[in-house]
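Source file: work.cif. Holds: mmCIF, C-alpha atoms.
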```cif
data_model
loop_
_atom_site.label_atom_id
_atom_site.label_comp_id
_atom_site.auth_asym_id
_atom_site.auth_seq_id
_atom_site.Cartn_x
_atom_site.Cartn_y
_atom_site.Cartn_z
CA MET A 449 5.78 -22.98 111.93
CA GLN A 450 4.46 -22.01 115.35
CA SER A 451 0.69 -21.72 115.52
CA GLU A 452 -0.92 -19.17 117.79
CA GLY A 453 -2.68 -21.93 119.73
CA ASN A 454 0.54 -23.65 120.73
CA ALA A 455 3.35 -21.84 122.53
CA ALA A 456 6.89 -21.89 121.15
CA LEU A 457 8.00 -23.45 124.43
CA TRP A 458 6.47 -26.84 123.52
CA ASN A 459 8.56 -27.13 120.33
CA ASP A 460 11.37 -28.65 122.35
CA ILE A 461 9.67 -30.96 124.82
CA PRO A 462 12.73 -33.22 125.38
CA THR A 463 14.78 -30.24 126.55
CA VAL A 464 11.98 -29.07 128.80
CA LEU A 465 11.70 -32.57 130.28
CA ALA A 466 15.45 -32.86 130.81
CA ALA A 467 15.58 -29.46 132.49
CA ALA A 468 12.66 -30.36 134.75
CA HIS A 469 14.28 -33.64 135.81
CA GLU A 470 17.60 -31.90 136.50
CA LEU A 471 15.86 -29.37 138.72
CA LYS A 472 13.99 -31.95 140.77
CA SER A 473 16.93 -33.39 142.71
CA PRO A 474 18.29 -30.12 144.13
CA LEU A 475 14.77 -28.95 144.99
CA VAL A 476 14.02 -32.21 146.81
CA LEU A 477 17.23 -31.76 148.79
CA ILE A 478 16.50 -28.12 149.66
CA ARG A 479 13.02 -29.10 150.84
CA GLN A 480 14.33 -31.99 152.93
CA LEU A 481 17.00 -29.86 154.59
CA ALA A 482 14.47 -27.13 155.32
CA LEU A 483 12.13 -29.71 156.90
CA GLN A 484 14.89 -30.70 159.29
CA LEU A 485 15.75 -27.08 160.08
CA GLU A 486 12.09 -26.43 160.84
CA LYS A 487 12.06 -29.33 163.28
CA SER A 488 15.18 -28.29 165.14
CA GLU A 489 14.75 -24.51 165.24
CA GLU A 490 11.08 -23.86 164.40
CA SER A 491 12.43 -21.22 162.07
CA ILE A 492 10.07 -19.16 159.94
CA GLN A 493 12.85 -18.83 157.38
CA ALA A 494 13.15 -22.60 157.16
CA ALA A 495 9.38 -22.86 156.62
CA ARG A 496 9.62 -20.28 153.84
CA ILE A 497 12.50 -22.16 152.19
CA ARG A 498 10.48 -25.38 152.37
CA MET A 499 7.34 -23.78 150.91
CA THR A 500 9.35 -22.15 148.13
CA ALA A 501 10.93 -25.50 147.27
CA GLU A 502 7.48 -27.13 147.27
CA ARG A 503 6.08 -24.48 144.91
CA SER A 504 9.05 -24.98 142.58
CA LEU A 505 8.65 -28.75 142.74
CA GLN A 506 4.97 -28.41 141.83
CA LEU A 507 5.96 -26.42 138.74
CA VAL A 508 8.71 -28.86 137.79
CA GLU A 509 6.39 -31.84 138.29
CA SER A 510 3.81 -30.20 136.03
CA LEU A 511 6.46 -29.66 133.35
CA THR A 512 7.35 -33.35 133.38
CA ARG A 513 3.66 -34.18 133.06
CA VAL A 514 3.24 -31.93 130.04
CA ALA A 515 6.00 -33.90 128.38
CA ARG A 516 4.18 -37.16 129.14
CA LEU A 517 0.69 -36.03 128.11
CA GLU A 518 0.84 -37.78 124.75
CA ASP A 519 2.29 -41.06 126.06
CA ALA A 520 0.75 -41.54 129.48
CA LEU A 521 -2.85 -42.40 130.16
CA PHE A 522 -4.76 -39.61 131.88
CA GLU A 523 -8.30 -40.99 131.91
CA CYS A 524 -11.25 -38.70 132.48
CA GLU A 525 -13.85 -39.39 135.15
CA PRO A 526 -16.72 -37.56 136.93
CA ILE A 527 -15.37 -35.16 139.56
CA ASN A 528 -17.27 -33.22 142.22
CA LEU A 529 -15.85 -29.76 141.58
CA SER A 530 -16.91 -28.23 144.93
CA GLU A 531 -15.06 -30.95 146.81
CA LEU A 532 -12.00 -30.48 144.63
CA HIS A 533 -12.04 -26.72 145.28
CA GLU A 534 -12.19 -27.37 149.04
CA ASP A 535 -9.31 -29.84 148.73
CA VAL A 536 -7.18 -27.28 146.86
CA VAL A 537 -7.93 -24.52 149.37
CA HIS A 538 -7.06 -26.89 152.22
CA GLU A 539 -3.76 -27.90 150.62
CA LEU A 540 -2.79 -24.27 150.06
CA THR A 541 -3.78 -23.10 153.55
CA PRO A 542 -0.23 -23.01 155.02
CA LEU A 543 1.12 -21.08 152.02
CA THR A 544 -1.93 -18.79 151.95
CA LEU A 545 -1.43 -17.90 155.62
CA ALA A 546 2.32 -17.45 155.22
CA LEU A 547 1.74 -14.98 152.38
CA GLY A 548 -0.93 -13.07 154.33
CA GLN A 549 -3.51 -13.94 151.67
CA LYS A 550 -6.99 -15.43 151.76
CA ILE A 551 -8.74 -17.72 149.27
CA GLN A 552 -12.50 -17.53 149.44
CA PRO A 553 -14.45 -20.33 147.75
CA VAL A 554 -17.76 -18.99 146.46
CA ALA A 555 -20.03 -21.91 147.24
CA SER A 556 -22.31 -23.35 144.61
CA LYS A 557 -25.92 -24.02 145.64
CA ARG A 558 -25.66 -27.59 144.44
CA HIS A 559 -22.96 -30.08 143.69
CA VAL A 560 -21.49 -29.65 140.24
CA VAL A 561 -19.91 -32.69 138.66
CA VAL A 562 -17.54 -32.22 135.74
CA VAL A 563 -15.69 -34.65 133.51
CA GLY A 564 -11.90 -34.49 133.69
CA ASN A 565 -8.76 -36.14 134.95
CA ARG A 566 -8.63 -35.60 138.71
CA SER A 567 -4.86 -35.38 138.93
CA LEU A 568 -4.50 -32.94 136.02
CA LEU A 569 -7.43 -30.80 137.17
CA ARG A 570 -6.03 -30.63 140.68
CA SER A 571 -2.66 -29.57 139.27
CA VAL A 572 -4.30 -26.86 137.15
CA LEU A 573 -6.25 -25.45 140.09
CA LEU A 574 -3.22 -25.56 142.40
CA GLY A 575 -1.16 -23.80 139.74
CA LEU A 576 -3.74 -21.10 139.05
CA CYS A 577 -4.30 -20.47 142.77
CA ASP A 578 -0.54 -20.31 143.32
CA ASN A 579 -0.35 -17.75 140.54
CA ALA A 580 -3.08 -15.72 142.24
CA LEU A 581 -1.36 -16.00 145.63
CA THR A 582 1.83 -14.62 144.11
CA HIS A 583 0.23 -11.55 142.59
CA ASN A 584 -2.94 -10.75 144.56
CA ASN A 585 -3.30 -7.59 146.61
CA PRO A 586 -3.74 -9.09 150.12
CA GLN A 587 -6.39 -6.48 150.96
CA TYR A 588 -8.85 -8.52 148.90
CA PRO A 589 -9.53 -12.26 149.09
CA ILE A 590 -8.90 -14.39 146.01
CA GLU A 591 -12.22 -15.80 144.79
CA LEU A 592 -12.56 -19.41 143.72
CA ARG A 593 -15.91 -19.72 142.00
CA ILE A 594 -18.03 -22.34 140.20
CA SER A 595 -20.64 -21.37 137.64
CA ARG A 596 -22.67 -23.11 134.93
CA ARG A 597 -22.74 -22.19 131.26
CA GLY A 598 -25.10 -24.57 129.47
CA ASP A 599 -23.50 -28.00 129.40
CA ARG A 600 -20.15 -26.55 130.48
CA VAL A 601 -18.89 -25.56 133.93
CA LEU A 602 -16.58 -22.67 134.75
CA SER A 603 -14.07 -23.04 137.54
CA SER A 604 -12.66 -19.55 137.94
CA ILE A 605 -10.01 -17.88 140.06
CA ARG A 606 -10.25 -14.11 140.47
CA ASP A 607 -7.31 -12.18 141.86
CA PHE A 608 -6.83 -8.48 142.55
CA GLY A 609 -3.23 -8.11 141.44
CA PRO A 610 -1.83 -6.10 138.54
CA VAL A 611 -3.46 -6.67 135.17
CA THR A 612 -1.49 -9.20 133.14
CA SER A 613 -0.83 -9.73 129.43
CA SER A 614 -3.33 -11.65 127.33
CA LEU A 615 -2.90 -15.41 126.87
CA THR A 616 -2.08 -14.82 123.21
CA THR A 617 0.79 -12.51 124.14
CA ILE A 618 2.06 -14.95 126.74
CA ARG A 619 1.99 -17.80 124.20
CA ARG A 620 4.04 -15.73 121.80
CA SER A 621 6.66 -14.66 124.30
CA VAL A 622 7.40 -17.68 126.52
CA GLY A 623 10.20 -19.75 125.05
CA ARG A 624 11.34 -16.93 122.76
CA THR A 625 12.12 -13.94 124.89
CA PRO A 626 13.24 -14.36 128.50
CA GLN A 627 11.00 -11.52 129.61
CA PRO A 628 8.58 -11.50 132.51
CA ILE A 629 4.96 -10.58 131.94
CA ALA A 630 4.58 -6.82 131.98
CA SER A 631 3.35 -5.65 135.41
CA ARG A 632 3.86 -9.13 136.95
CA PRO A 633 7.66 -9.27 137.01
CA ARG A 634 7.89 -12.48 139.03
CA SER A 635 6.10 -14.47 136.33
CA SER A 636 6.87 -15.47 132.75
CA GLY A 637 3.44 -17.04 132.27
CA LEU A 638 4.85 -20.57 132.18
CA GLY A 639 2.32 -21.81 134.74
CA LEU A 640 -0.56 -20.57 132.59
CA LEU A 641 0.80 -22.34 129.52
CA ILE A 642 1.11 -25.58 131.48
CA ALA A 643 -2.47 -25.17 132.72
CA GLU A 644 -3.56 -24.61 129.12
CA GLN A 645 -1.90 -27.85 127.98
CA PHE A 646 -3.56 -29.84 130.77
CA ALA A 647 -6.92 -28.22 129.96
CA ARG A 648 -6.71 -29.22 126.30
CA HIS A 649 -6.06 -32.79 127.33
CA MET A 650 -9.39 -32.79 129.23
CA ASP A 651 -11.44 -31.15 126.47
CA ALA A 652 -11.40 -27.98 128.58
CA THR A 653 -10.37 -24.43 127.73
CA LEU A 654 -8.53 -21.81 129.75
CA THR A 655 -9.55 -18.19 129.38
CA LEU A 656 -8.08 -15.06 130.89
CA ARG A 657 -10.22 -12.01 131.59
CA ARG A 658 -8.53 -8.74 132.53
CA HIS A 659 -10.53 -6.49 134.84
CA HIS A 660 -10.55 -2.71 134.45
CA THR A 661 -10.35 -2.13 138.18
CA ALA A 662 -7.68 -4.63 139.19
CA GLY A 663 -6.61 -8.20 138.63
CA VAL A 664 -7.61 -11.00 136.35
CA THR A 665 -9.98 -13.95 136.30
CA LEU A 666 -8.58 -17.20 135.00
CA ALA A 667 -11.39 -19.57 134.11
CA LEU A 668 -11.27 -23.21 133.23
CA GLU A 669 -14.28 -24.27 131.18
CA LEU A 670 -14.97 -27.98 131.62
CA PRO A 671 -17.59 -30.37 130.29
CA ALA A 672 -20.33 -31.02 132.84
CA SER A 673 -21.32 -34.56 133.76
CA LYS A 674 -25.08 -34.22 133.38
CA GLN A 675 -26.21 -37.56 134.78
CA LEU A 676 -24.00 -37.49 137.83
CA SER A 677 -24.84 -33.84 138.55
CA LEU A 678 -28.50 -34.87 138.83
CA LEU A 679 -27.64 -37.76 141.14
CA ALA A 680 -25.52 -35.55 143.37
CA ILE A 681 -28.21 -32.91 144.07
CA MET B 75 19.84 -54.20 169.12
CA SER B 76 18.39 -51.64 166.69
CA PRO B 77 16.86 -52.86 163.42
CA ARG B 78 19.31 -52.51 160.57
CA ILE B 79 18.47 -50.55 157.45
CA LEU B 80 20.24 -50.14 154.12
CA LEU B 81 19.66 -46.83 152.37
CA ILE B 82 20.56 -46.78 148.65
CA GLU B 83 20.76 -43.17 147.59
CA ASP B 84 23.36 -41.53 145.37
CA ASP B 85 22.87 -38.01 146.73
CA ARG B 86 25.04 -38.03 149.85
CA TRP B 87 23.47 -34.97 151.48
CA LEU B 88 19.96 -36.32 150.97
CA ALA B 89 21.07 -39.72 152.31
CA ASP B 90 22.54 -38.04 155.40
CA SER B 91 19.28 -36.19 156.02
CA TYR B 92 17.31 -39.48 155.89
CA VAL B 93 19.80 -41.07 158.30
CA ASP B 94 19.21 -38.17 160.71
CA VAL B 95 15.46 -38.77 160.51
CA LEU B 96 15.97 -42.51 161.13
CA ASP B 97 18.33 -41.98 164.05
CA GLU B 98 16.76 -44.80 166.11
CA TYR B 99 17.90 -47.35 163.51
CA ASP B 100 21.30 -48.65 162.52
CA THR B 101 21.46 -47.33 158.96
CA ASP B 102 24.11 -47.94 156.29
CA ILE B 103 24.33 -45.89 153.11
CA ALA B 104 25.13 -47.31 149.67
CA MET B 105 25.64 -44.81 146.89
CA SER B 106 25.44 -47.33 144.03
CA GLY B 107 23.89 -50.71 143.23
CA GLN B 108 27.28 -52.44 143.49
CA GLU B 109 28.00 -50.88 146.87
CA ALA B 110 24.55 -52.06 147.98
CA ILE B 111 25.26 -55.65 146.89
CA ASP B 112 28.59 -55.63 148.73
CA LEU B 113 26.89 -54.44 151.93
CA ILE B 114 24.01 -56.94 151.58
CA ASP B 115 26.53 -59.75 151.14
CA SER B 116 28.14 -59.01 154.47
CA ASN B 117 25.21 -57.76 156.59
CA GLU B 118 21.64 -58.71 157.43
CA TYR B 119 19.13 -55.93 156.83
CA ASP B 120 15.60 -55.59 158.16
CA LEU B 121 14.59 -53.16 155.42
CA ILE B 122 16.04 -51.51 152.34
CA ILE B 123 15.17 -47.99 151.21
CA ALA B 124 16.18 -47.45 147.59
CA ASP B 125 16.07 -44.70 145.01
CA ILE B 126 14.92 -45.85 141.56
CA MET B 127 17.56 -44.17 139.41
CA LEU B 128 21.07 -45.09 140.51
CA GLU B 129 24.46 -44.38 139.07
CA TYR B 130 25.08 -46.84 136.24
CA GLY B 131 21.55 -48.23 136.25
CA VAL B 132 18.11 -48.57 137.73
CA VAL B 133 17.21 -50.28 140.99
CA ILE B 134 15.18 -53.01 139.26
CA ASP B 135 18.41 -54.86 138.38
CA LEU B 136 19.32 -54.94 142.05
CA LEU B 137 15.82 -56.06 143.07
CA HIS B 138 16.03 -58.93 140.55
CA GLU B 139 19.30 -59.98 142.16
CA LEU B 140 17.78 -59.89 145.66
CA GLN B 141 14.81 -62.00 144.58
CA ALA B 142 17.16 -64.73 143.36
CA TYR B 143 18.31 -65.72 146.88
CA ASP B 144 16.17 -67.03 149.73
CA ASP B 145 17.87 -64.94 152.42
CA THR B 146 17.50 -61.64 150.55
CA ALA B 147 14.15 -62.22 148.82
CA THR B 148 12.26 -61.50 152.03
CA ILE B 149 13.86 -58.13 152.80
CA PRO B 150 11.13 -55.47 152.56
CA ILE B 151 11.97 -52.81 149.98
CA VAL B 152 10.79 -49.19 150.16
CA LEU B 153 11.26 -47.25 146.93
CA CYS B 154 11.88 -43.56 147.52
CA SER B 155 12.12 -41.53 144.35
CA SER B 156 11.22 -38.38 142.48
CA LEU B 157 9.72 -40.73 139.89
CA ALA B 158 7.25 -42.22 142.38
CA ALA B 159 4.30 -40.73 140.50
CA ASN B 160 5.17 -43.03 137.59
CA VAL B 161 5.37 -46.21 139.68
CA ARG B 162 2.38 -48.27 140.80
CA LEU B 163 2.99 -50.32 143.93
CA ALA B 164 1.02 -53.24 142.44
CA ASP B 165 3.51 -53.43 139.56
CA VAL B 166 6.57 -53.75 141.78
CA MET B 167 5.27 -55.83 144.71
CA ALA B 168 6.66 -58.96 143.05
CA TYR B 169 10.13 -57.52 143.70
CA GLY B 170 9.53 -57.30 147.43
CA VAL B 171 8.51 -53.64 147.33
CA VAL B 172 6.19 -52.78 150.22
CA ALA B 173 5.87 -49.03 149.72
CA VAL B 174 6.63 -46.31 147.17
CA LEU B 175 7.47 -42.87 148.58
CA ASP B 176 7.58 -39.64 146.59
CA LYS B 177 10.66 -37.60 147.50
CA SER B 178 8.86 -34.41 146.48
CA THR B 179 6.27 -34.76 149.23
CA LEU B 180 8.06 -36.99 151.74
CA THR B 181 8.02 -35.84 155.37
CA PRO B 182 10.18 -37.12 158.24
CA LYS B 183 7.01 -38.47 159.88
CA LEU B 184 5.99 -40.44 156.79
CA LEU B 185 9.49 -41.85 156.39
CA ARG B 186 9.61 -42.98 160.04
CA GLU B 187 6.09 -44.48 159.89
CA THR B 188 6.82 -46.33 156.65
CA VAL B 189 10.00 -47.84 158.06
CA GLU B 190 8.41 -48.74 161.39
CA GLY B 191 5.44 -50.40 159.71
CA ASN B 192 7.43 -52.50 157.25
CA LEU B 193 10.46 -53.90 159.09
CA ARG B 194 11.13 -57.57 158.38
CA ASP B 195 9.54 -59.92 160.89
CA GLU B 196 12.05 -61.94 162.88
#
```

As structure tokens, how would this structure be written, given the file I've shared?
Amino acid sequence: MQSEGNAALWNDIPTVLAAAHELKSPLVLIRQLALQLEKSEESIQAARIRMTAERSLQLVESLTRVARLEDALFECEPINLSELHEDVVHELTPLTLALGQKIQPVASKRHVVVVGNRSLLRSVLLGLCDNALTHNNPQYPIELRISRRGDRVLSSIRDFGPVTSSLTTIRRSVGRTPQPIASRPRSSGLGLLIAEQFARHMDATLTLRRHHTAGVTLALELPASKQLSLLAI
Amino acid sequence: MSPRILLIEDDRWLADSYVDVLDEYDTDIAMSGQEAIDLIDSNEYDLIIADIMLEYGVVIDLLHELQAYDDTATIPIVLCSSLAANVRLADVMAYGVVAVLDKSTLTPKLLRETVEGNLRDE
């Protein structure tokens, strides 16, 4: 029986893993060929092919990680969240520019240190920002914000795209009906479900807030590292 | 004479693209472990670039074989794979591996630099 807290998609992890592995090889090849085209012709189309392959590879890599979450060791450690946000924004700069978008980190007054797995957290933030880049109205910058809530820390990404379905609806639909999310036709919500799996593994939660005006805020609520936050002030 | 490289990669198009990147070297392509052994038997290589998953097996069997002979045990090995995230260099150094490259993020510059920095000393 499928519980509401766990999407139908994860019922068949071996198939998901096999599909992800199968997809990797052609994507690696497409990316490599595009890299060579870029070098020889400085073609904007080649750059777009390469970036599209890289985004797909990121998704495929995350899928393989979901399948390994139970077996592999993803240890948690203190992480400076501001630095990680800057790192993510820097990594996404070429794609952000190519899409005519802007990601605006809303700086925290002090360093905030959270407890999590650096690699998984980075993947979650890259995935959520990629989601925002896909759907945001380029007239408004995407906001990447840090805020405190007691002994928890919120890392949130606010976009100004169409309002999406709730996480509960997405959990119910992905893996059962091959339908895109209403109003965001390029997305099935798979990236959000992957982010949710990674979050659970770090004792974090993913929430989705729909705004009346436009867009959504996806927030990752993480445990704060109290001692190291004090040291880092 | 250009340094000689053996590239073990079962995707021919991907192998060709790496050969283009490494155009200053004399590069042979082997598309299977057996083909690689045949080439190693009849040539002297300054470096081997190998995928991890090969047709009919994994590259570790081949690396074991290379470590068994004095003349092949010193050939530097660069692993280049989509599974690189699962491989720690420290765990495979005993097999002569000097670098592990992730195909998903590999750039021509990184490939050239890795080869240039790890060629076997004469």

Contact residues (chain A, partner chain B, 8 Å, all atoms listed in the file) as a compact mmCIF listing (two decimals) with C-alpha atoms, in the frame of the given file:
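Dumped to selection32.txt:
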```
# COMPACT_ATOMS: atom_id res chain seq x y z
CA LYS A 472 13.99 -31.95 140.77
CA SER A 473 16.93 -33.39 142.71
CA VAL A 476 14.02 -32.21 146.81
CA LEU A 477 17.23 -31.76 148.79
CA GLN A 480 14.33 -31.99 152.93
CA LEU A 481 17.00 -29.86 154.59
CA LEU A 483 12.13 -29.71 156.90
CA GLN A 484 14.89 -30.70 159.29
CA GLU A 502 7.48 -27.13 147.27
CA LEU A 505 8.65 -28.75 142.74
```

Chain and number of each residue from the PyMOL selection byres ((chain A and resi 532) around 12), as a PDB file with C-alpha atoms, keeping the file's coordinate frame:
```pdb
ATOM      1  CA  PRO A 526     -16.720 -37.560 136.930  1.00  0.00           C
ATOM      2  CA  ILE A 527     -15.370 -35.160 139.560  1.00  0.00           C
ATOM      3  CA  ASN A 528     -17.270 -33.220 142.220  1.00  0.00           C
ATOM      4  CA  LEU A 529     -15.850 -29.760 141.580  1.00  0.00           C
ATOM      5  CA  SER A 530     -16.910 -28.230 144.930  1.00  0.00           C
ATOM      6  CA  GLU A 531     -15.060 -30.950 146.810  1.00  0.00           C
ATOM      7  CA  HIS A 533     -12.040 -26.720 145.280  1.00  0.00           C
ATOM      8  CA  GLU A 534     -12.190 -27.370 149.040  1.00  0.00           C
ATOM      9  CA  ASP A 535      -9.310 -29.840 148.730  1.00  0.00           C
ATOM     10  CA  VAL A 536      -7.180 -27.280 146.860  1.00  0.00           C
ATOM     11  CA  VAL A 537      -7.930 -24.520 149.370  1.00  0.00           C
ATOM     12  CA  HIS A 538      -7.060 -26.890 152.220  1.00  0.00           C
ATOM     13  CA  GLU A 539      -3.760 -27.900 150.620  1.00  0.00           C
ATOM     14  CA  PRO A 553     -14.450 -20.330 147.750  1.00  0.00           C
ATOM     15  CA  HIS A 559     -22.960 -30.080 143.690  1.00  0.00           C
ATOM     16  CA  VAL A 560     -21.490 -29.650 140.240  1.00  0.00           C
ATOM     17  CA  VAL A 561     -19.910 -32.690 138.660  1.00  0.00           C
ATOM     18  CA  VAL A 562     -17.540 -32.220 135.740  1.00  0.00           C
ATOM     19  CA  GLY A 564     -11.900 -34.490 133.690  1.00  0.00           C
ATOM     20  CA  ASN A 565      -8.760 -36.140 134.950  1.00  0.00           C
ATOM     21  CA  ARG A 566      -8.630 -35.600 138.710  1.00  0.00           C
ATOM     22  CA  SER A 567      -4.860 -35.380 138.930  1.00  0.00           C
ATOM     23  CA  LEU A 568      -4.500 -32.940 136.020  1.00  0.00           C
ATOM     24  CA  LEU A 569      -7.430 -30.800 137.170  1.00  0.00           C
ATOM     25  CA  ARG A 570      -6.030 -30.630 140.680  1.00  0.00           C
ATOM     26  CA  SER A 571      -2.660 -29.570 139.270  1.00  0.00           C
ATOM     27  CA  VAL A 572      -4.300 -26.860 137.150  1.00  0.00           C
ATOM     28  CA  LEU A 573      -6.250 -25.450 140.090  1.00  0.00           C
ATOM     29  CA  LEU A 574      -3.220 -25.560 142.400  1.00  0.00           C
ATOM     30  CA  LEU A 592     -12.560 -19.410 143.720  1.00  0.00           C
ATOM     31  CA  ARG A 593     -15.910 -19.720 142.000  1.00  0.00           C
ATOM     32  CA  ILE A 594     -18.030 -22.340 140.200  1.00  0.00           C
ATOM     33  CA  SER A 603     -14.070 -23.040 137.540  1.00  0.00           C
TER      34      SER A 603
END
```

List the neighbours of Met75 of chain B out to 12 Å using all atoms listed in the file; skip same-chain residues closer than 3 positions along the sequence, and give me the result as a ChimeraX atom specification. /B:78,98-100,120

Interatomic distance between atom CA of Asp102 of chain B and atom CA of Leu121 of chain B?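 Atom-to-atom, atom CA of Asp102 of chain B and atom CA of Leu121 of chain B are spaced 10.9 Å apart.
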
Quick one: pull the distance between atom CA of Gln506 of chain A and atom CA of Leu175 of chain B, Å, one decimal.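 Between atom CA of Gln506 of chain A and atom CA of Leu175 of chain B the gap is 16.2 Å.
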
Can you pull out every residue within 9 Å of Glu644 of chain A, counting only C-alpha atoms, but drop anything in the same chain fewer than 6 positions away, and send it as number ranges by chain? A: 572, 652-655, 668

Applied to the shown file, which residues does the PyMOL selection byres ((chain A and resi 490-495) around 12) return, written as a ChimeraX atom specification? /A:478-489,496-502,542-543,545-547

Mind giving me the straight-line distance from atom CA of Asp115 of chain B to atom CA of Ile82 of chain B in Å, one decimal?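 Calculated distance between atom CA of Asp115 of chain B and atom CA of Ile82 of chain B is 14.5 Å.
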
Would you mind listing what lies within 10 Å of segment 576-586 of chain A as number ranges by chain, with all atoms listed in the file counted and same-chain residues fewer than 5 positions away left out? A: 503, 506, 536-537, 540, 543-544, 547-551, 570-571, 591-592, 604-612, 631-635, 637, 639-640, 643, 662-668

Starting from the PyMOL selection byres ((chain B and resi 107) around 12), expand the selection into actual residues of this file and give them as a ChimeraX atom specification. /B:80-84,103-106,108-114,124-140
